[in-house]
>>> print(open('model36.tsv').read())   # TSV, C-alpha atoms
chain	number	residue	atom	x	y	z
A	1	MET	CA	15.08	96.82	236.04
A	2	LYS	CA	17.05	94.21	238.01
A	3	THR	CA	16.83	90.53	237.16
A	4	VAL	CA	16.60	88.05	240.02
A	5	LEU	CA	17.13	84.30	239.80
A	6	ILE	CA	15.76	82.44	242.82
A	7	THR	CA	16.16	78.71	243.38
A	8	GLY	CA	13.48	76.72	245.17
A	9	GLY	CA	10.95	79.48	244.63
A	10	SER	CA	7.70	77.54	244.49
A	11	ARG	CA	6.95	77.19	248.21
A	12	GLY	CA	7.46	78.76	251.61
A	13	ILE	CA	10.11	81.45	251.94
A	14	GLY	CA	11.08	81.18	248.26
A	15	LYS	CA	7.51	81.69	247.09
A	16	CYS	CA	7.09	84.77	249.26
A	17	ILE	CA	10.34	86.26	247.98
A	18	ALA	CA	9.58	85.52	244.33
A	19	GLU	CA	6.02	86.88	244.46
A	20	ASN	CA	6.94	90.08	246.26
A	21	LEU	CA	9.95	90.84	244.07
A	22	ALA	CA	7.80	90.36	240.96
A	23	LYS	CA	5.11	92.64	242.40
A	24	ASN	CA	7.78	95.27	243.08
A	25	GLY	CA	8.94	95.38	239.48
A	26	TYR	CA	11.88	93.00	239.34
A	27	ASN	CA	12.40	90.54	236.51
A	28	VAL	CA	12.08	87.22	238.33
A	29	VAL	CA	12.99	83.70	237.26
A	30	LEU	CA	11.49	81.24	239.71
A	31	ASN	CA	13.29	77.91	239.73
A	32	TYR	CA	11.60	74.72	240.87
A	33	ASN	CA	12.38	71.01	240.62
A	34	LYS	CA	9.49	68.78	241.73
A	35	SER	CA	6.87	71.43	242.49
A	36	GLU	CA	5.76	72.27	238.95
A	37	LYS	CA	2.09	72.56	239.89
A	38	GLN	CA	2.84	75.11	242.62
A	39	ALA	CA	5.22	77.09	240.37
A	40	LYS	CA	2.72	77.30	237.53
A	41	GLN	CA	-0.03	78.34	239.97
A	42	ILE	CA	2.13	81.23	241.22
A	43	GLN	CA	2.77	82.27	237.63
A	44	LYS	CA	-0.94	82.07	236.78
A	45	GLU	CA	-2.06	84.08	239.80
A	46	LEU	CA	0.48	86.82	239.14
A	47	MET	CA	-0.43	86.98	235.45
A	48	GLU	CA	-4.06	87.54	236.47
A	49	GLN	CA	-2.80	90.64	238.34
A	50	GLY	CA	-0.86	91.81	235.27
A	51	ILE	CA	2.47	90.75	236.78
A	52	LYS	CA	4.92	88.65	234.81
A	53	ILE	CA	7.19	85.98	236.28
A	54	GLU	CA	9.23	83.30	234.52
A	55	THR	CA	9.51	79.73	235.79
A	56	CYS	CA	12.21	77.18	235.00
A	57	LYS	CA	12.55	73.57	236.10
A	58	ALA	CA	16.03	72.47	237.18
A	59	ASP	CA	17.55	70.18	239.78
A	60	VAL	CA	20.11	72.59	241.19
A	61	SER	CA	22.09	69.76	242.79
A	62	ASN	CA	23.10	68.89	239.21
A	63	ARG	CA	25.60	71.25	237.56
A	64	GLU	CA	24.40	70.58	234.01
A	65	GLU	CA	20.85	71.55	234.97
A	66	VAL	CA	22.16	74.67	236.70
A	67	LYS	CA	23.92	75.62	233.46
A	68	LYS	CA	20.59	75.30	231.62
A	69	LEU	CA	18.84	77.39	234.28
A	70	VAL	CA	21.41	80.19	234.03
A	71	LYS	CA	21.30	80.06	230.22
A	72	PHE	CA	17.49	80.29	230.32
A	73	THR	CA	17.68	83.39	232.54
A	74	LEU	CA	20.34	85.10	230.43
A	75	ASN	CA	18.41	84.38	227.23
A	76	LYS	CA	15.27	85.93	228.75
A	77	PHE	CA	16.77	89.03	230.34
A	78	GLY	CA	20.42	89.39	229.30
A	79	ASN	CA	21.78	89.78	232.84
A	80	ILE	CA	21.55	88.26	236.29
A	81	ASP	CA	21.79	91.04	238.85
A	82	VAL	CA	20.73	89.03	241.89
A	83	LEU	CA	21.07	85.34	242.72
A	84	ILE	CA	19.06	84.01	245.66
A	85	ASN	CA	20.08	80.50	246.68
A	86	ASN	CA	17.00	79.30	248.50
A	87	ALA	CA	16.56	75.65	247.43
A	88	GLY	CA	16.85	73.28	250.33
A	89	ILE	CA	15.61	70.16	252.09
A	90	ALA	CA	15.45	69.19	255.76
A	91	LYS	CA	15.22	65.87	257.58
A	92	LEU	CA	14.94	64.98	261.25
A	93	GLN	CA	16.97	61.90	262.17
A	94	MET	CA	19.41	60.63	264.74
A	95	PHE	CA	23.06	60.98	263.72
A	96	ASN	CA	23.65	57.20	263.71
A	97	ASP	CA	20.70	56.74	261.35
A	98	ILE	CA	22.10	59.02	258.63
A	99	THR	CA	22.99	56.95	255.57
A	100	ASP	CA	25.48	57.89	252.89
A	101	GLU	CA	22.51	58.58	250.61
A	102	ASP	CA	20.88	60.86	253.21
A	103	TRP	CA	24.14	62.76	253.70
A	104	ASN	CA	24.84	63.17	249.98
A	105	ASP	CA	21.25	64.23	249.25
A	106	MET	CA	21.36	66.88	251.97
A	107	LEU	CA	24.70	68.34	250.97
A	108	GLY	CA	23.90	68.04	247.27
A	109	THR	CA	20.65	69.98	247.52
A	110	ASN	CA	21.59	72.46	250.23
A	111	LEU	CA	25.30	73.12	249.69
A	112	ASN	CA	26.49	71.88	246.29
A	113	SER	CA	23.62	73.74	244.63
A	114	VAL	CA	24.91	77.02	246.05
A	115	PHE	CA	28.41	76.24	244.78
A	116	TYR	CA	27.11	75.40	241.29
A	117	CYS	CA	24.74	78.36	241.01
A	118	ILE	CA	27.27	80.95	242.12
A	119	GLN	CA	29.97	79.58	239.81
A	120	GLU	CA	27.63	79.61	236.84
A	121	VAL	CA	26.32	83.18	237.33
A	122	LEU	CA	29.72	84.68	238.18
A	123	PRO	CA	30.99	85.24	234.60
A	124	ASN	CA	28.00	87.52	233.94
A	125	MET	CA	28.35	89.39	237.24
A	126	ILE	CA	32.11	89.81	236.90
A	127	HIS	CA	31.65	91.08	233.36
A	128	ASN	CA	29.20	93.69	234.67
A	129	LYS	CA	31.33	94.52	237.72
A	130	SER	CA	28.14	94.24	239.74
A	131	GLY	CA	26.16	91.58	241.52
A	132	CYS	CA	24.32	90.52	244.64
A	133	VAL	CA	24.28	86.96	245.96
A	134	ILE	CA	21.96	86.11	248.84
A	135	ASN	CA	22.21	82.66	250.37
A	136	ILE	CA	19.36	81.41	252.54
A	137	SER	CA	21.01	79.38	255.30
A	138	SER	CA	19.53	78.74	258.75
A	139	ILE	CA	19.84	79.53	262.41
A	140	TRP	CA	20.90	75.89	262.82
A	141	GLY	CA	23.97	76.57	260.73
A	142	LEU	CA	24.96	79.06	263.43
A	143	VAL	CA	24.21	77.05	266.57
A	144	GLY	CA	23.55	73.48	265.42
A	145	ALA	CA	20.39	71.42	265.86
A	146	SER	CA	19.99	68.07	267.59
A	147	CYS	CA	18.76	65.37	265.19
A	148	GLU	CA	19.56	67.64	262.23
A	149	VAL	CA	23.32	67.21	261.93
A	150	ALA	CA	23.43	66.90	258.13
A	151	TYR	CA	21.14	69.91	257.72
A	152	SER	CA	23.16	72.00	260.19
A	153	VAL	CA	26.43	71.08	258.45
A	154	SER	CA	25.03	72.03	255.04
A	155	LYS	CA	23.87	75.42	256.30
A	156	ALA	CA	27.11	76.13	258.18
A	157	GLY	CA	28.91	75.37	254.92
A	158	ILE	CA	26.83	77.98	253.14
A	159	ASP	CA	27.81	80.57	255.73
A	160	GLY	CA	31.50	79.71	255.36
A	161	MET	CA	31.22	80.03	251.59
A	162	THR	CA	29.47	83.38	252.01
A	163	LYS	CA	32.26	84.88	254.10
A	164	SER	CA	35.05	83.60	251.86
A	165	LEU	CA	33.38	84.69	248.63
A	166	ALA	CA	32.60	88.14	249.99
A	167	LYS	CA	36.35	88.70	250.39
A	168	GLU	CA	37.17	87.23	246.99
A	169	LEU	CA	34.43	88.97	245.00
A	170	GLY	CA	34.36	92.36	246.73
A	171	PRO	CA	36.91	93.86	244.28
A	172	SER	CA	34.49	92.96	241.46
A	173	ASN	CA	31.69	94.88	243.26
A	174	ILE	CA	29.82	91.66	243.98
A	175	ARG	CA	28.22	91.43	247.41
A	176	VAL	CA	27.63	88.04	249.06
A	177	ASN	CA	25.51	87.65	252.20
A	178	SER	CA	23.59	84.95	254.04
A	179	ILE	CA	20.20	85.15	255.69
A	180	ALA	CA	19.92	82.59	258.50
A	181	PRO	CA	16.23	82.47	259.49
A	182	GLY	CA	14.96	81.19	262.79
A	183	ILE	CA	11.86	79.00	262.84
A	184	ILE	CA	9.57	80.23	260.06
A	185	ASP	CA	5.94	79.22	259.56
A	186	THR	CA	6.32	77.25	256.32
A	187	GLU	CA	5.41	73.84	254.95
A	188	MET	CA	8.98	72.61	255.59
A	189	ASN	CA	8.46	73.14	259.32
A	190	ASN	CA	5.10	71.39	259.48
A	191	ASN	CA	6.92	68.32	260.82
A	192	ILE	CA	7.78	70.22	264.00
A	193	ASP	CA	5.40	69.30	266.82
A	194	ASN	CA	3.09	72.15	267.90
A	195	ALA	CA	4.25	71.77	271.50
A	196	ILE	CA	7.83	72.34	270.37
A	197	LYS	CA	6.76	75.37	268.34
A	198	GLU	CA	5.03	76.80	271.42
A	199	GLU	CA	8.16	76.19	273.46
A	200	ILE	CA	10.28	78.02	270.86
A	201	LYS	CA	7.77	80.88	270.91
A	202	SER	CA	7.99	81.19	274.69
A	203	GLU	CA	11.80	81.32	274.46
A	204	THR	CA	11.72	84.00	271.75
A	205	PRO	CA	11.81	87.61	272.99
A	206	LEU	CA	9.34	88.71	270.30
A	207	ASN	CA	7.09	85.81	271.35
A	208	ARG	CA	6.21	84.56	267.88
A	209	ILE	CA	7.30	82.27	265.07
A	210	GLY	CA	8.72	84.00	262.01
A	211	ARG	CA	6.79	84.57	258.78
A	212	PRO	CA	8.09	84.33	255.21
A	213	ILE	CA	7.48	88.07	254.77
A	214	ASP	CA	10.04	88.73	257.53
A	215	ILE	CA	12.67	87.07	255.36
A	216	TYR	CA	11.51	88.83	252.21
A	217	ARG	CA	12.02	92.22	253.83
A	218	CYS	CA	15.59	91.28	254.67
A	219	VAL	CA	16.16	90.10	251.09
A	220	GLU	CA	14.85	93.34	249.63
A	221	TRP	CA	17.11	95.38	251.90
A	222	LEU	CA	20.18	93.36	250.90
A	223	ILE	CA	19.39	93.79	247.21
A	224	ASN	CA	19.25	97.57	247.56
A	225	ASP	CA	22.03	98.02	250.08
A	226	GLU	CA	25.46	98.86	248.65
A	227	PHE	CA	27.81	98.43	251.61
A	228	THR	CA	26.95	95.12	253.26
A	229	THR	CA	28.83	91.97	252.35
A	230	GLY	CA	30.10	88.83	254.05
A	231	GLN	CA	27.41	89.01	256.72
A	232	ILE	CA	25.25	86.28	258.24
A	233	ILE	CA	22.01	88.05	259.12
A	234	SER	CA	19.65	86.04	261.31
A	235	PRO	CA	16.02	87.19	261.58
A	236	ASN	CA	14.98	84.96	264.49
A	237	GLY	CA	12.97	87.14	266.85
A	238	GLY	CA	15.81	87.17	269.36
A	239	TYR	CA	15.77	83.38	269.86
A	240	VAL	CA	19.55	83.46	269.36
A	241	ILE	CA	21.41	86.63	270.26
>>> encode(input="model36.tsv", output="structure tokens")
Amino acid sequence: MKTVLITGGSRGIGKCIAENLAKNGYNVVLNYNKSEKQAKQIQKELMEQGIKIETCKADVSNREEVKKLVKFTLNKFGNIDVLINNAGIAKLQMFNDITDEDWNDMLGTNLNSVFYCIQEVLPNMIHNKSGCVINISSIWGLVGASCEVAYSVSKAGIDGMTKSLAKELGPSNIRVNSIAPGIIDTEMNNNIDNAIKEEIKSETPLNRIGRPIDIYRCVEWLINDEFTTGQIISPNGGYVI
């Protein structure tokens, strides 16, 4: 039975991934930072269905807390077969309004966390000569987004790390890929005006906004696939081709 560690797993895409992996028999450690109530509710609801999931609080922008998270997972299950770097924040603001604090918060949560988490799980994966790392980036890391420069930079950085690490870790049988979703119907995107969402829908060949389950299906495929690495896969309904 594979063990999966997922960061930012209490809401949105992360919640969908964590719940479905647990339902499909994976050992899952759901990481959260501020959303303890939501994380514990997920755990409670799954337990009522006879499904077990572990939760662990950690600020993944802090290396020492990442070390504790990885130690918690290894103590529970012995191995980490899959790391899903999903934790992230977003903020709409004009470029000239970005403060040093805004910039550092964005890169710390979205990019540094991926760096820390991968470094801390690698000794176990290298020892096992096996591993799967899935980074959740964004369509805006591929094409950029107006008024989301810091966010776009952080996600583009994830994709660059993905490609480089895939080359470096391939000889150790560790696969590294990114999923770069288009607009997904989650709480994080509630700040997007409905008129803008409708405009995006009309410009999307599949004529709809994405759902968290669309991203989960891609995650499950990447976990089970054995010959895909270094790829940036973008489920976006054809919005960007």
>>> closest_residue(input="model36.tsv", among="A:Asp225, A:Ile241, A:Ile51, A:Arg211", to="Asn177 of chain A", atoms="only C-alpha atoms")
A:Asp225
>>> atom_distance(input="model36.tsv", atom1="atom CA of Asn128 of chain A", atom2="atom CA of Val70 of chain A")
15.6 Å
>>> atom_distance(input="model36.tsv", atom1="atom CA of Gly14 of chain A", atom2="atom CA of Asn85 of chain A")
9.2 Å
>>> atom_distance(input="model36.tsv", atom1="atom CA of Lys15 of chain A", atom2="atom CA of Ala145 of chain A")
25.0 Å
>>> residues_around(input="model36.tsv", residues="Thr162 of chain A", least_positions_apart="3", cutoff="9 Å", atoms="all atoms listed in the file", output="list of chain:residue names")
A:Val133, A:Ile134, A:Asn135, A:Gly157, A:Ile158, A:Asp159, A:Leu165, A:Ala166, A:Lys167, A:Val176, A:Asn177, A:Ser178, A:Thr229, A:Gly230, A:Gln231, A:Ile232
>>> residues_near_point(input="model36.tsv", point="(19.2, 76.6, 247.9)", cutoff="12 Å", atoms="all atoms listed in the file", output="tab-separated table (two decimals) with C-alpha atoms, in the frame of the given file")
chain	number	residue	atom	x	y	z
A	5	LEU	CA	17.13	84.30	239.80
A	6	ILE	CA	15.76	82.44	242.82
A	7	THR	CA	16.16	78.71	243.38
A	8	GLY	CA	13.48	76.72	245.17
A	9	GLY	CA	10.95	79.48	244.63
A	13	ILE	CA	10.11	81.45	251.94
A	14	GLY	CA	11.08	81.18	248.26
A	31	ASN	CA	13.29	77.91	239.73
A	32	TYR	CA	11.60	74.72	240.87
A	33	ASN	CA	12.38	71.01	240.62
A	58	ALA	CA	16.03	72.47	237.18
A	59	ASP	CA	17.55	70.18	239.78
A	60	VAL	CA	20.11	72.59	241.19
A	61	SER	CA	22.09	69.76	242.79
A	66	VAL	CA	22.16	74.67	236.70
A	83	LEU	CA	21.07	85.34	242.72
A	84	ILE	CA	19.06	84.01	245.66
A	85	ASN	CA	20.08	80.50	246.68
A	86	ASN	CA	17.00	79.30	248.50
A	87	ALA	CA	16.56	75.65	247.43
A	88	GLY	CA	16.85	73.28	250.33
A	89	ILE	CA	15.61	70.16	252.09
A	90	ALA	CA	15.45	69.19	255.76
A	106	MET	CA	21.36	66.88	251.97
A	107	LEU	CA	24.70	68.34	250.97
A	108	GLY	CA	23.90	68.04	247.27
A	109	THR	CA	20.65	69.98	247.52
A	110	ASN	CA	21.59	72.46	250.23
A	111	LEU	CA	25.30	73.12	249.69
A	112	ASN	CA	26.49	71.88	246.29
A	113	SER	CA	23.62	73.74	244.63
A	114	VAL	CA	24.91	77.02	246.05
A	115	PHE	CA	28.41	76.24	244.78
A	116	TYR	CA	27.11	75.40	241.29
A	117	CYS	CA	24.74	78.36	241.01
A	118	ILE	CA	27.27	80.95	242.12
A	133	VAL	CA	24.28	86.96	245.96
A	134	ILE	CA	21.96	86.11	248.84
A	135	ASN	CA	22.21	82.66	250.37
A	136	ILE	CA	19.36	81.41	252.54
A	137	SER	CA	21.01	79.38	255.30
A	138	SER	CA	19.53	78.74	258.75
A	154	SER	CA	25.03	72.03	255.04
A	155	LYS	CA	23.87	75.42	256.30
A	158	ILE	CA	26.83	77.98	253.14
A	178	SER	CA	23.59	84.95	254.04
A	179	ILE	CA	20.20	85.15	255.69
>>> closest_atom_pairs(input="model36.tsv", of="segment 107-184 of chain A", to="segment 192-201 of chain A", cutoff="12 Å", atoms="only C-alpha atoms", output="tab-separated table")
residue	atom	partner	partner_atom	distance
A:Gly182	CA	A:Ile200	CA	9.9
A:Ile183	CA	A:Ile200	CA	8.2
A:Ile184	CA	A:Lys197	CA	10.0
>>> write_last_selection(input="model36.tsv", atoms="C-alpha atoms", output="PDB file, in the frame of the given file")
ATOM      1  CA  GLY A 182      14.960  81.190 262.790  1.00  0.00           C
ATOM      2  CA  ILE A 183      11.860  79.000 262.840  1.00  0.00           C
ATOM      3  CA  ILE A 184       9.570  80.230 260.060  1.00  0.00           C
TER       4      ILE A 184
END
>>> closest_residue(input="model36.tsv", among="A:Pro181, A:Gly131, A:Pro171, A:Gly210", to="Leu222 of chain A", atoms="only C-alpha atoms")
A:Gly131
>>> residues_around(input="model36.tsv", residues="Thr204 of chain A", least_positions_apart="4", cutoff="7 Å", atoms="all atoms listed in the file", output="CSV table (one decimal) with C-alpha atoms, in the frame of the given file")
chain,number,residue,atom,x,y,z
A,200,ILE,CA,10.3,78.0,270.9
A,208,ARG,CA,6.2,84.6,267.9
A,237,GLY,CA,13.0,87.1,266.8
A,238,GLY,CA,15.8,87.2,269.4
A,239,TYR,CA,15.8,83.4,269.9
>>> residues_around(input="model36.tsv", residues="segment 34-38 of chain A", least_positions_apart="5", cutoff="8 Å", atoms="all atoms listed in the file", output="PyMOL selection string")
chain A and resi 10-11+57
>>> write_last_selection(input="model36.tsv", atoms="C-alpha atoms", output="PDB file, in the coordinates of the input")
ATOM      1  CA  SER A  10       7.700  77.540 244.490  1.00  0.00           C
ATOM      2  CA  ARG A  11       6.950  77.190 248.210  1.00  0.00           C
ATOM      3  CA  LYS A  57      12.550  73.570 236.100  1.00  0.00           C
TER       4      LYS A  57
END
>>> residues_around(input="model36.tsv", residues="Gln49 of chain A", least_positions_apart="4", cutoff="12 Å", atoms="only C-alpha atoms", output="ChimeraX atom specification")
/A:19,22-23,42-45,53
>>> closest_residue(input="model36.tsv", among="A:Met47, A:Val143, A:Val149, A:Arg63", to="Ile98 of chain A", atoms="only C-alpha atoms")
A:Val149
>>> axis_aligned_box(input="model36.tsv", around="segment 74-89 of chain A", padding_each_side="3 Å", output="lines of an AutoDock Vina configuration file")
center_x = 18.5
center_y = 80.6
center_z = 239.7
size_x = 12.5
size_y = 26.9
size_z = 30.9
>>> closest_residue(input="model36.tsv", among="A:Leu142, A:Ile80, A:Val28, A:Met161", to="Ile126 of chain A", atoms="only C-alpha atoms")
A:Ile80
>>> closest_residue(input="model36.tsv", among="A:Val4, A:Val219, A:Leu46, A:Leu169", to="Gly78 of chain A", atoms="only C-alpha atoms")
A:Val4
>>> closest_residue(input="model36.tsv", among="A:Leu69, A:Ile233, A:Val240, A:Val153", to="Ala180 of chain A", atoms="all atoms listed in the file")
A:Ile233
>>> build_atoms(input="model36.tsv", residues="segment 138-171 of chain A", atoms="N, CA and C atoms", output="PDB file, in the coordinates of the input")
ATOM      1  N   SER A 138      20.449  79.063 257.658  1.00  0.00           N
ATOM      2  CA  SER A 138      19.530  78.740 258.750  1.00  0.00           C
ATOM      3  C   SER A 138      20.184  79.059 260.078  1.00  0.00           C
ATOM      4  N   ILE A 139      19.350  79.336 261.053  1.00  0.00           N
ATOM      5  CA  ILE A 139      19.840  79.530 262.410  1.00  0.00           C
ATOM      6  C   ILE A 139      20.621  78.303 262.890  1.00  0.00           C
ATOM      7  N   TRP A 140      20.240  77.117 262.374  1.00  0.00           N
ATOM      8  CA  TRP A 140      20.900  75.890 262.820  1.00  0.00           C
ATOM      9  C   TRP A 140      22.304  75.755 262.238  1.00  0.00           C
ATOM     10  N   GLY A 141      22.596  76.507 261.214  1.00  0.00           N
ATOM     11  CA  GLY A 141      23.970  76.570 260.730  1.00  0.00           C
ATOM     12  C   GLY A 141      24.857  77.368 261.676  1.00  0.00           C
ATOM     13  N   LEU A 142      24.228  78.233 262.469  1.00  0.00           N
ATOM     14  CA  LEU A 142      24.960  79.060 263.430  1.00  0.00           C
ATOM     15  C   LEU A 142      25.174  78.331 264.759  1.00  0.00           C
ATOM     16  N   VAL A 143      24.134  77.639 265.228  1.00  0.00           N
ATOM     17  CA  VAL A 143      24.210  77.050 266.570  1.00  0.00           C
ATOM     18  C   VAL A 143      24.050  75.538 266.601  1.00  0.00           C
ATOM     19  N   GLY A 144      23.730  74.931 265.455  1.00  0.00           N
ATOM     20  CA  GLY A 144      23.550  73.480 265.420  1.00  0.00           C
ATOM     21  C   GLY A 144      22.182  73.066 265.945  1.00  0.00           C
ATOM     22  N   ALA A 145      21.689  71.934 265.427  1.00  0.00           N
ATOM     23  CA  ALA A 145      20.390  71.420 265.860  1.00  0.00           C
ATOM     24  C   ALA A 145      20.489  69.923 266.112  1.00  0.00           C
ATOM     25  N   SER A 146      20.043  69.492 267.273  1.00  0.00           N
ATOM     26  CA  SER A 146      19.990  68.070 267.590  1.00  0.00           C
ATOM     27  C   SER A 146      19.096  67.349 266.588  1.00  0.00           C
ATOM     28  N   CYS A 147      19.514  66.194 266.152  1.00  0.00           N
ATOM     29  CA  CYS A 147      18.760  65.370 265.190  1.00  0.00           C
ATOM     30  C   CYS A 147      18.660  66.021 263.808  1.00  0.00           C
ATOM     31  N   GLU A 148      19.481  67.028 263.555  1.00  0.00           N
ATOM     32  CA  GLU A 148      19.560  67.640 262.230  1.00  0.00           C
ATOM     33  C   GLU A 148      21.025  67.956 261.900  1.00  0.00           C
ATOM     34  N   VAL A 149      21.887  66.986 262.126  1.00  0.00           N
ATOM     35  CA  VAL A 149      23.320  67.210 261.930  1.00  0.00           C
ATOM     36  C   VAL A 149      23.633  67.515 260.466  1.00  0.00           C
ATOM     37  N   ALA A 150      23.126  66.695 259.552  1.00  0.00           N
ATOM     38  CA  ALA A 150      23.430  66.900 258.130  1.00  0.00           C
ATOM     39  C   ALA A 150      22.919  68.260 257.661  1.00  0.00           C
ATOM     40  N   TYR A 151      21.729  68.613 258.088  1.00  0.00           N
ATOM     41  CA  TYR A 151      21.140  69.910 257.720  1.00  0.00           C
ATOM     42  C   TYR A 151      21.992  71.049 258.282  1.00  0.00           C
ATOM     43  N   SER A 152      22.369  70.945 259.556  1.00  0.00           N
ATOM     44  CA  SER A 152      23.160  72.000 260.190  1.00  0.00           C
ATOM     45  C   SER A 152      24.514  72.158 259.506  1.00  0.00           C
ATOM     46  N   VAL A 153      25.140  71.033 259.147  1.00  0.00           N
ATOM     47  CA  VAL A 153      26.430  71.080 258.450  1.00  0.00           C
ATOM     48  C   VAL A 153      26.279  71.772 257.097  1.00  0.00           C
ATOM     49  N   SER A 154      25.223  71.431 256.374  1.00  0.00           N
ATOM     50  CA  SER A 154      25.030  72.030 255.040  1.00  0.00           C
ATOM     51  C   SER A 154      24.846  73.540 255.138  1.00  0.00           C
ATOM     52  N   LYS A 155      24.123  73.987 256.155  1.00  0.00           N
ATOM     53  CA  LYS A 155      23.870  75.420 256.300  1.00  0.00           C
ATOM     54  C   LYS A 155      25.102  76.163 256.824  1.00  0.00           C
ATOM     55  N   ALA A 156      25.851  75.526 257.718  1.00  0.00           N
ATOM     56  CA  ALA A 156      27.110  76.130 258.180  1.00  0.00           C
ATOM     57  C   ALA A 156      28.084  76.266 257.022  1.00  0.00           C
ATOM     58  N   GLY A 157      28.069  75.295 256.110  1.00  0.00           N
ATOM     59  CA  GLY A 157      28.910  75.370 254.920  1.00  0.00           C
ATOM     60  C   GLY A 157      28.561  76.548 254.039  1.00  0.00           C
ATOM     61  N   ILE A 158      27.277  76.819 253.912  1.00  0.00           N
ATOM     62  CA  ILE A 158      26.830  77.980 253.140  1.00  0.00           C
ATOM     63  C   ILE A 158      27.381  79.263 253.746  1.00  0.00           C
ATOM     64  N   ASP A 159      27.324  79.361 255.066  1.00  0.00           N
ATOM     65  CA  ASP A 159      27.810  80.570 255.730  1.00  0.00           C
ATOM     66  C   ASP A 159      29.313  80.742 255.550  1.00  0.00           C
ATOM     67  N   GLY A 160      30.055  79.636 255.603  1.00  0.00           N
ATOM     68  CA  GLY A 160      31.500  79.710 255.360  1.00  0.00           C
ATOM     69  C   GLY A 160      31.803  80.156 253.941  1.00  0.00           C
ATOM     70  N   MET A 161      31.051  79.631 252.989  1.00  0.00           N
ATOM     71  CA  MET A 161      31.220  80.030 251.590  1.00  0.00           C
ATOM     72  C   MET A 161      30.909  81.508 251.415  1.00  0.00           C
ATOM     73  N   THR A 162      29.869  81.974 252.090  1.00  0.00           N
ATOM     74  CA  THR A 162      29.470  83.380 252.010  1.00  0.00           C
ATOM     75  C   THR A 162      30.601  84.298 252.442  1.00  0.00           C
ATOM     76  N   LYS A 163      31.200  84.015 253.580  1.00  0.00           N
ATOM     77  CA  LYS A 163      32.260  84.880 254.100  1.00  0.00           C
ATOM     78  C   LYS A 163      33.491  84.875 253.189  1.00  0.00           C
ATOM     79  N   SER A 164      33.873  83.696 252.725  1.00  0.00           N
ATOM     80  CA  SER A 164      35.050  83.600 251.860  1.00  0.00           C
ATOM     81  C   SER A 164      34.834  84.300 250.529  1.00  0.00           C
ATOM     82  N   LEU A 165      33.659  84.081 249.926  1.00  0.00           N
ATOM     83  CA  LEU A 165      33.380  84.690 248.630  1.00  0.00           C
ATOM     84  C   LEU A 165      33.238  86.203 248.715  1.00  0.00           C
ATOM     85  N   ALA A 166      32.720  86.689 249.831  1.00  0.00           N
ATOM     86  CA  ALA A 166      32.600  88.140 249.990  1.00  0.00           C
ATOM     87  C   ALA A 166      33.967  88.801 249.883  1.00  0.00           C
ATOM     88  N   LYS A 167      34.986  88.165 250.471  1.00  0.00           N
ATOM     89  CA  LYS A 167      36.350  88.700 250.390  1.00  0.00           C
ATOM     90  C   LYS A 167      36.899  88.595 248.969  1.00  0.00           C
ATOM     91  N   GLU A 168      36.622  87.478 248.323  1.00  0.00           N
ATOM     92  CA  GLU A 168      37.170  87.230 246.990  1.00  0.00           C
ATOM     93  C   GLU A 168      36.498  88.076 245.916  1.00  0.00           C
ATOM     94  N   LEU A 169      35.194  88.302 246.060  1.00  0.00           N
ATOM     95  CA  LEU A 169      34.430  88.970 245.000  1.00  0.00           C
ATOM     96  C   LEU A 169      34.196  90.457 245.243  1.00  0.00           C
ATOM     97  N   GLY A 170      34.529  90.935 246.436  1.00  0.00           N
ATOM     98  CA  GLY A 170      34.360  92.360 246.730  1.00  0.00           C
ATOM     99  C   GLY A 170      35.017  93.266 245.710  1.00  0.00           C
ATOM    100  N   PRO A 171      36.268  92.989 245.272  1.00  0.00           N
ATOM    101  CA  PRO A 171      36.910  93.860 244.280  1.00  0.00           C
ATOM    102  C   PRO A 171      36.163  93.922 242.949  1.00  0.00           C
TER     103      PRO A 171
END
